[in-house]
Amino acid sequence: MTTEIRDLTLDDLPACLALAQDRAWLPEEHKWRLLFDVGTVYGVRDEAGGLVGTTVLTRFGGGLAAISMVLVAGRCGGRGLGRRLMEHALVAAGEATVILWATEYGRPLYEKLGFVVDGLTHTYAGRFSAPASDGGAGSRPAVPASGGAAGSRPAVPASGGAAGSRPAVPADLPALIALDAEVAGADRGELVRRLPGFTEQLRVVERGGVISGYGGAWRNLAEVVVGPVVAGNLDDARTLIGDLAGAVSGGVRLDLDDRHPSLLGWAAERGLALRRSTVTMVRGGRELPGERGRWFAPVMQALG
């Protein structure tokens, strides 16, 4: 088996999906396409040309990066290929703070590479039920986006009066990029600019004429993922989630940060069940940049 690690292109997408299925992961084509757009996908092929390993590095400016999709074909397990892929991505990340979401299978490797648990992300899924009293848009039609832990963790204000949300419009994009950079602590403009085309819904909350929160919802196979969700307080986060999830007729998935335990109970009250919890890990145990108290849900666990 060759151990040369190469940059992959969108032409390699079918092989990436096949490798994911080999590891009992879903063939999430929409997700992979976004990762190819905003990140660098690395891969290893065997002598016959088959793809036997992948990982994705997504850089946000020079100070923050995410690693995801660390996959090794079942027939190649135990040969150190996963470690080589990770080391390759970490060299490319340079001095950036690197975050990843770890399965229990991958966590021992990441710990050996210096990653430390930062917290938990809890995945809730099911059919969302939003009473009118939530201020959600459960009865509103979906609006296409093109139309418009561990340690001491900062908490977001519990309330502030739900402002209501509205569909995002193209003129909102500069404000969304600036707000996202403030909360994430890094320039993620390349990602945010793709959200109108990637999501099925993109909504914002305004206070005093200024956008103070935004959220999106995108279809991943049989369910709709609600994320990202960035808001100034819990009321506005609930409003965004309610408006986004309430417009979905089928299954909904929420990946909720454990900084906001009351939101977990609220999700359960809305009919969603805990599917799993995933550890968030950061290289070297560094503190994540930005204002994470206003961070409620990632775009996806592969990106943050």
# chains A, B, ... in the order shown; residues from 1 in each chain; ligands from 1
call {"tool": "closest_atom_pairs", "arguments": {"of": "region 66-142 of chain A", "to": "region 19-37 of chain A", "cutoff": "12 Å", "atoms": "only C-alpha atoms", "output": "Markdown table"}}
result
| residue | atom | partner | partner_atom | distance |
| --- | --- | --- | --- | --- |
| A:Ala66 | CA | A:Leu35 | CA | 10.7 |
| A:Ile67 | CA | A:Leu35 | CA | 10.5 |
| A:Ser68 | CA | A:Leu35 | CA | 9.2 |
| A:Met69 | CA | A:Ala20 | CA | 8.5 |
| A:Val70 | CA | A:Ala20 | CA | 9.6 |
| A:Leu71 | CA | A:Ala20 | CA | 7.0 |
| A:Val72 | CA | A:Leu19 | CA | 7.6 |
| A:Ala73 | CA | A:Leu19 | CA | 6.3 |
| A:Gly74 | CA | A:Arg23 | CA | 6.6 |
| A:Arg75 | CA | A:Asp22 | CA | 9.4 |
| A:Cys76 | CA | A:Arg23 | CA | 11.3 |
| A:Gly77 | CA | A:Arg23 | CA | 10.6 |
| A:Thr103 | CA | A:Trp25 | CA | 11.8 |
| A:Tyr105 | CA | A:Arg23 | CA | 11.4 |
call {"tool": "select_by_dssp", "arguments": {"residues": "region 64-256 of chain A", "states": "helix (DSSP H, G or I)", "output": "short mmCIF file (atom, residue, chain, number, x, y, z; two decimals) with C-alpha atoms, in the first residue's frame"}}
result
data_model
loop_
_atom_site.label_atom_id
_atom_site.label_comp_id
_atom_site.auth_asym_id
_atom_site.auth_seq_id
_atom_site.Cartn_x
_atom_site.Cartn_y
_atom_site.Cartn_z
CA GLY A 74 -11.29 -1.37 7.15
CA ARG A 75 -8.75 -3.53 5.32
CA CYS A 76 -5.99 -1.03 6.13
CA LEU A 81 -2.41 5.42 8.24
CA GLY A 82 -4.82 7.45 10.36
CA ARG A 83 -1.93 8.89 12.33
CA ARG A 84 -0.04 9.79 9.13
CA LEU A 85 -3.06 11.60 7.75
CA MET A 86 -3.54 13.50 11.00
CA GLU A 87 0.12 14.47 11.22
CA HIS A 88 0.01 15.69 7.63
CA ALA A 89 -3.02 17.87 8.36
CA LEU A 90 -1.48 19.24 11.57
CA VAL A 91 1.69 20.28 9.77
CA ALA A 92 -0.45 22.09 7.21
CA ALA A 93 -2.41 23.78 10.01
CA ARG A 107 -10.19 9.70 20.48
CA PRO A 108 -7.13 7.66 21.64
CA LEU A 109 -5.20 8.69 18.52
CA TYR A 110 -6.11 12.35 18.94
CA GLU A 111 -5.03 12.28 22.57
CA LYS A 112 -1.64 10.86 21.54
CA ALA A 132 -46.94 29.16 19.31
CA SER A 133 -45.79 30.43 22.71
CA ASP A 134 -42.18 29.71 21.70
CA PRO A 170 -28.28 39.13 0.12
CA ALA A 171 -27.68 42.54 1.67
CA ASP A 172 -27.26 40.85 5.08
CA LEU A 173 -24.17 38.90 4.05
CA PRO A 174 -21.50 41.42 5.17
CA ALA A 175 -23.14 41.64 8.61
CA LEU A 176 -23.30 37.84 8.87
CA ILE A 177 -19.63 37.50 8.00
CA ALA A 178 -18.67 40.13 10.60
CA LEU A 179 -20.89 38.60 13.30
CA ASP A 180 -19.58 35.10 12.62
CA ALA A 181 -15.97 36.29 12.82
CA GLU A 182 -16.66 38.02 16.14
CA VAL A 183 -18.21 34.92 17.70
CA ALA A 184 -15.88 32.32 16.12
CA GLY A 189 -16.08 34.47 5.41
CA GLU A 190 -15.41 31.81 2.77
CA LEU A 191 -17.76 29.47 4.63
CA VAL A 192 -20.45 32.04 5.46
CA LEU A 195 -24.40 29.38 3.34
CA PRO A 196 -27.12 30.98 1.16
CA GLY A 197 -26.57 28.31 -1.48
CA PHE A 198 -25.82 25.47 0.93
CA LEU A 234 -30.91 31.95 24.80
CA ASP A 235 -34.25 33.48 23.83
CA ASP A 236 -32.93 34.47 20.43
CA ALA A 237 -31.29 31.06 19.97
CA ARG A 238 -34.60 29.36 20.73
CA THR A 239 -36.36 31.71 18.33
CA LEU A 240 -33.97 30.91 15.50
CA ILE A 241 -34.12 27.17 16.12
CA GLY A 242 -37.91 27.26 16.43
CA ASP A 243 -38.34 29.22 13.22
CA LEU A 244 -35.95 26.98 11.30
CA ALA A 245 -37.00 23.60 12.70
#
call {"tool": "select_by_dssp", "arguments": {"residues": "region 75-258 of chain A", "states": "strand (DSSP E)", "output": "PyMOL selection string"}}
result
chain A and resi 97-102+115-126+165-167+201-207+210-220+223-230+251-257
call {"tool": "write_last_selection", "arguments": {"atoms": "C-alpha atoms", "output": "PDB file, in the first residue's frame"}}
result
ATOM      1  CA  THR A  97      -5.718  26.458  17.098  1.00  0.00           C
ATOM      2  CA  VAL A  98      -7.118  23.152  15.792  1.00  0.00           C
ATOM      3  CA  ILE A  99     -10.516  21.774  16.790  1.00  0.00           C
ATOM      4  CA  LEU A 100     -12.136  18.439  15.992  1.00  0.00           C
ATOM      5  CA  TRP A 101     -15.088  16.306  17.047  1.00  0.00           C
ATOM      6  CA  ALA A 102     -13.939  12.839  18.077  1.00  0.00           C
ATOM      7  CA  PHE A 115      -5.599  16.979  21.653  1.00  0.00           C
ATOM      8  CA  VAL A 116      -7.461  17.710  24.898  1.00  0.00           C
ATOM      9  CA  VAL A 117     -11.200  17.442  25.550  1.00  0.00           C
ATOM     10  CA  ASP A 118     -12.796  20.896  25.512  1.00  0.00           C
ATOM     11  CA  GLY A 119     -16.455  19.955  25.930  1.00  0.00           C
ATOM     12  CA  LEU A 120     -19.346  18.011  24.486  1.00  0.00           C
ATOM     13  CA  THR A 121     -21.692  18.409  21.560  1.00  0.00           C
ATOM     14  CA  HIS A 122     -25.065  16.734  22.061  1.00  0.00           C
ATOM     15  CA  THR A 123     -26.989  15.553  19.003  1.00  0.00           C
ATOM     16  CA  TYR A 124     -30.779  15.686  19.327  1.00  0.00           C
ATOM     17  CA  ALA A 125     -33.000  14.354  16.554  1.00  0.00           C
ATOM     18  CA  GLY A 126     -36.632  13.699  15.733  1.00  0.00           C
ATOM     19  CA  SER A 165     -36.427  36.228  13.138  1.00  0.00           C
ATOM     20  CA  ARG A 166     -36.765  36.956   9.446  1.00  0.00           C
ATOM     21  CA  PRO A 167     -35.347  35.415   6.273  1.00  0.00           C
ATOM     22  CA  GLN A 201     -33.225  28.289   5.109  1.00  0.00           C
ATOM     23  CA  LEU A 202     -31.127  31.150   6.452  1.00  0.00           C
ATOM     24  CA  ARG A 203     -32.648  33.478   9.050  1.00  0.00           C
ATOM     25  CA  VAL A 204     -31.488  36.425  11.153  1.00  0.00           C
ATOM     26  CA  VAL A 205     -32.444  38.166  14.382  1.00  0.00           C
ATOM     27  CA  GLU A 206     -32.185  41.948  14.530  1.00  0.00           C
ATOM     28  CA  ARG A 207     -32.003  44.276  17.518  1.00  0.00           C
ATOM     29  CA  VAL A 210     -28.458  45.481  13.826  1.00  0.00           C
ATOM     30  CA  ILE A 211     -28.195  41.743  13.109  1.00  0.00           C
ATOM     31  CA  SER A 212     -27.355  40.082  16.422  1.00  0.00           C
ATOM     32  CA  GLY A 213     -27.922  36.442  15.504  1.00  0.00           C
ATOM     33  CA  TYR A 214     -28.343  34.110  12.571  1.00  0.00           C
ATOM     34  CA  GLY A 215     -29.124  30.485  11.876  1.00  0.00           C
ATOM     35  CA  GLY A 216     -29.372  28.082   8.989  1.00  0.00           C
ATOM     36  CA  ALA A 217     -30.917  24.720   8.150  1.00  0.00           C
ATOM     37  CA  TRP A 218     -29.652  22.317   5.497  1.00  0.00           C
ATOM     38  CA  ARG A 219     -30.754  18.916   4.262  1.00  0.00           C
ATOM     39  CA  ASN A 220     -28.490  15.953   4.946  1.00  0.00           C
ATOM     40  CA  GLU A 223     -33.113  14.818   7.871  1.00  0.00           C
ATOM     41  CA  VAL A 224     -32.589  18.548   8.117  1.00  0.00           C
ATOM     42  CA  VAL A 225     -29.663  19.797  10.207  1.00  0.00           C
ATOM     43  CA  VAL A 226     -30.287  23.060  12.045  1.00  0.00           C
ATOM     44  CA  GLY A 227     -26.978  24.890  12.146  1.00  0.00           C
ATOM     45  CA  PRO A 228     -25.185  27.142  12.477  1.00  0.00           C
ATOM     46  CA  VAL A 229     -26.931  28.968  15.299  1.00  0.00           C
ATOM     47  CA  VAL A 230     -25.279  32.138  16.634  1.00  0.00           C
ATOM     48  CA  GLY A 251     -36.862  14.773  10.839  1.00  0.00           C
ATOM     49  CA  VAL A 252     -34.644  17.434  12.381  1.00  0.00           C
ATOM     50  CA  ARG A 253     -31.141  17.201  13.837  1.00  0.00           C
ATOM     51  CA  LEU A 254     -29.613  19.661  16.318  1.00  0.00           C
ATOM     52  CA  ASP A 255     -25.953  19.558  17.414  1.00  0.00           C
ATOM     53  CA  LEU A 256     -26.032  21.598  20.621  1.00  0.00           C
ATOM     54  CA  ASP A 257     -23.049  22.920  22.518  1.00  0.00           C
TER      55      ASP A 257
END
call {"tool": "closest_residue", "arguments": {"among": "A:Ala222, A:Trp266, A:Arg45, A:Val38", "to": "Arg6 (chain A)", "atoms": "only C-alpha atoms"}}
result
A:Arg45
call {"tool": "atom_distance", "arguments": {"atom1": "CA of Gly209 (chain A)", "atom2": "CA of Ser129 (chain A)"}}
result
29.6 Å
call {"tool": "closest_residue", "arguments": {"among": "A:Leu263, A:Ala130, A:Cys16, A:Leu64", "to": "Tyr42 (chain A)", "atoms": "only C-alpha atoms"}}
result
A:Cys16
call {"tool": "atom_distance", "arguments": {"atom1": "CA of Glu4 (chain A)", "atom2": "CA of Gly285 (chain A)"}}
result
29.8 Å
call {"tool": "decode", "arguments": {"residues": "region 199-245 of chain A", "atoms": "N, CA and C atoms", "output": "CSV table (one decimal), in the first residue's frame"}}
result
chain,number,residue,atom,x,y,z
A,199,THR,N,-27.6,26.1,2.4
A,199,THR,CA,-28.8,25.9,3.3
A,199,THR,C,-30.1,26.0,2.5
A,200,GLU,N,-31.1,25.4,3.1
A,200,GLU,CA,-32.5,25.5,2.6
A,200,GLU,C,-33.1,26.8,3.2
A,201,GLN,N,-32.7,27.1,4.4
A,201,GLN,CA,-33.2,28.3,5.1
A,201,GLN,C,-32.1,29.0,5.8
A,202,LEU,N,-32.1,30.3,5.8
A,202,LEU,CA,-31.1,31.2,6.5
A,202,LEU,C,-31.9,32.3,7.0
A,203,ARG,N,-31.8,32.5,8.4
A,203,ARG,CA,-32.6,33.5,9.1
A,203,ARG,C,-31.8,34.3,10.0
A,204,VAL,N,-32.2,35.5,10.3
A,204,VAL,CA,-31.5,36.4,11.2
A,204,VAL,C,-32.4,37.0,12.2
A,205,VAL,N,-31.8,37.4,13.3
A,205,VAL,CA,-32.4,38.2,14.4
A,205,VAL,C,-31.8,39.6,14.4
A,206,GLU,N,-32.7,40.6,14.5
A,206,GLU,CA,-32.2,41.9,14.5
A,206,GLU,C,-32.6,42.6,15.8
A,207,ARG,N,-31.7,43.4,16.3
A,207,ARG,CA,-32.0,44.3,17.5
A,207,ARG,C,-31.5,45.7,17.2
A,208,GLY,N,-32.5,46.6,17.3
A,208,GLY,CA,-32.1,48.0,17.0
A,208,GLY,C,-31.6,48.2,15.6
A,209,GLY,N,-32.1,47.4,14.6
A,209,GLY,CA,-31.7,47.5,13.3
A,209,GLY,C,-30.3,46.8,13.0
A,210,VAL,N,-29.7,46.1,14.0
A,210,VAL,CA,-28.5,45.5,13.8
A,210,VAL,C,-28.7,44.0,14.0
A,211,ILE,N,-28.1,43.2,13.0
A,211,ILE,CA,-28.2,41.7,13.1
A,211,ILE,C,-27.4,41.2,14.3
A,212,SER,N,-28.0,40.6,15.2
A,212,SER,CA,-27.4,40.1,16.4
A,212,SER,C,-27.3,38.6,16.5
A,213,GLY,N,-27.9,37.9,15.5
A,213,GLY,CA,-27.9,36.4,15.5
A,213,GLY,C,-28.3,35.9,14.1
A,214,TYR,N,-27.9,34.7,13.8
A,214,TYR,CA,-28.3,34.1,12.6
A,214,TYR,C,-28.3,32.6,12.7
A,215,GLY,N,-29.1,31.9,11.9
A,215,GLY,CA,-29.1,30.5,11.9
A,215,GLY,C,-29.5,30.0,10.5
A,216,GLY,N,-29.1,28.7,10.3
A,216,GLY,CA,-29.4,28.1,9.0
A,216,GLY,C,-29.9,26.7,9.2
A,217,ALA,N,-30.4,26.1,8.1
A,217,ALA,CA,-30.9,24.7,8.1
A,217,ALA,C,-30.6,24.1,6.8
A,218,TRP,N,-30.0,22.9,6.8
A,218,TRP,CA,-29.7,22.3,5.5
A,218,TRP,C,-30.0,20.8,5.5
A,219,ARG,N,-30.3,20.3,4.4
A,219,ARG,CA,-30.8,18.9,4.3
A,219,ARG,C,-29.6,18.0,4.1
A,220,ASN,N,-29.5,17.0,5.0
A,220,ASN,CA,-28.5,16.0,4.9
A,220,ASN,C,-29.2,14.6,4.9
A,221,LEU,N,-29.3,14.1,3.6
A,221,LEU,CA,-30.0,12.8,3.4
A,221,LEU,C,-31.5,12.9,3.9
A,222,ALA,N,-31.8,12.1,4.9
A,222,ALA,CA,-33.2,12.0,5.3
A,222,ALA,C,-33.7,13.0,6.4
A,223,GLU,N,-32.7,13.9,6.8
A,223,GLU,CA,-33.1,14.8,7.9
A,223,GLU,C,-32.5,16.2,7.6
A,224,VAL,N,-33.1,17.2,8.3
A,224,VAL,CA,-32.6,18.5,8.1
A,224,VAL,C,-31.8,18.9,9.3
A,225,VAL,N,-30.5,19.4,9.1
A,225,VAL,CA,-29.7,19.8,10.2
A,225,VAL,C,-29.9,21.3,10.4
A,226,VAL,N,-30.2,21.7,11.7
A,226,VAL,CA,-30.3,23.1,12.0
A,226,VAL,C,-28.9,23.5,12.6
A,227,GLY,N,-28.3,24.4,11.8
A,227,GLY,CA,-27.0,24.9,12.1
A,227,GLY,C,-26.4,25.6,10.9
A,228,PRO,N,-25.6,26.7,11.2
A,228,PRO,CA,-25.2,27.1,12.5
A,228,PRO,C,-26.3,27.9,13.2
A,229,VAL,N,-26.1,28.1,14.5
A,229,VAL,CA,-26.9,29.0,15.3
A,229,VAL,C,-26.0,29.8,16.2
A,230,VAL,N,-26.0,31.1,15.9
A,230,VAL,CA,-25.3,32.1,16.6
A,230,VAL,C,-26.3,33.2,17.1
A,231,ALA,N,-26.3,33.5,18.4
A,231,ALA,CA,-27.3,34.4,18.9
A,231,ALA,C,-26.7,35.1,20.2
A,232,GLY,N,-27.3,36.2,20.5
A,232,GLY,CA,-26.9,37.0,21.7
A,232,GLY,C,-27.4,36.5,23.0
A,233,ASN,N,-28.4,35.7,23.0
A,233,ASN,CA,-28.9,35.1,24.2
A,233,ASN,C,-29.8,33.9,23.9
A,234,LEU,N,-30.2,33.2,25.0
A,234,LEU,CA,-30.9,31.9,24.8
A,234,LEU,C,-32.3,32.1,24.1
A,235,ASP,N,-33.0,33.2,24.5
A,235,ASP,CA,-34.2,33.5,23.8
A,235,ASP,C,-34.1,33.6,22.3
A,236,ASP,N,-33.1,34.3,21.9
A,236,ASP,CA,-32.9,34.5,20.4
A,236,ASP,C,-32.5,33.2,19.8
A,237,ALA,N,-31.7,32.4,20.5
A,237,ALA,CA,-31.3,31.1,20.0
A,237,ALA,C,-32.5,30.2,19.8
A,238,ARG,N,-33.4,30.2,20.8
A,238,ARG,CA,-34.6,29.4,20.7
A,238,ARG,C,-35.5,29.9,19.6
A,239,THR,N,-35.6,31.2,19.4
A,239,THR,CA,-36.4,31.7,18.3
A,239,THR,C,-35.8,31.2,17.0
A,240,LEU,N,-34.5,31.4,16.8
A,240,LEU,CA,-34.0,30.9,15.5
A,240,LEU,C,-34.2,29.4,15.3
A,241,ILE,N,-33.9,28.6,16.3
A,241,ILE,CA,-34.1,27.2,16.1
A,241,ILE,C,-35.6,26.9,15.9
A,242,GLY,N,-36.5,27.5,16.6
A,242,GLY,CA,-37.9,27.3,16.4
A,242,GLY,C,-38.4,27.6,15.1
A,243,ASP,N,-37.9,28.8,14.5
A,243,ASP,CA,-38.3,29.2,13.2
A,243,ASP,C,-37.8,28.3,12.1
A,244,LEU,N,-36.6,27.9,12.3
A,244,LEU,CA,-36.0,27.0,11.3
A,244,LEU,C,-36.5,25.6,11.4
A,245,ALA,N,-36.5,25.0,12.6
A,245,ALA,CA,-37.0,23.6,12.7
A,245,ALA,C,-38.5,23.5,12.5
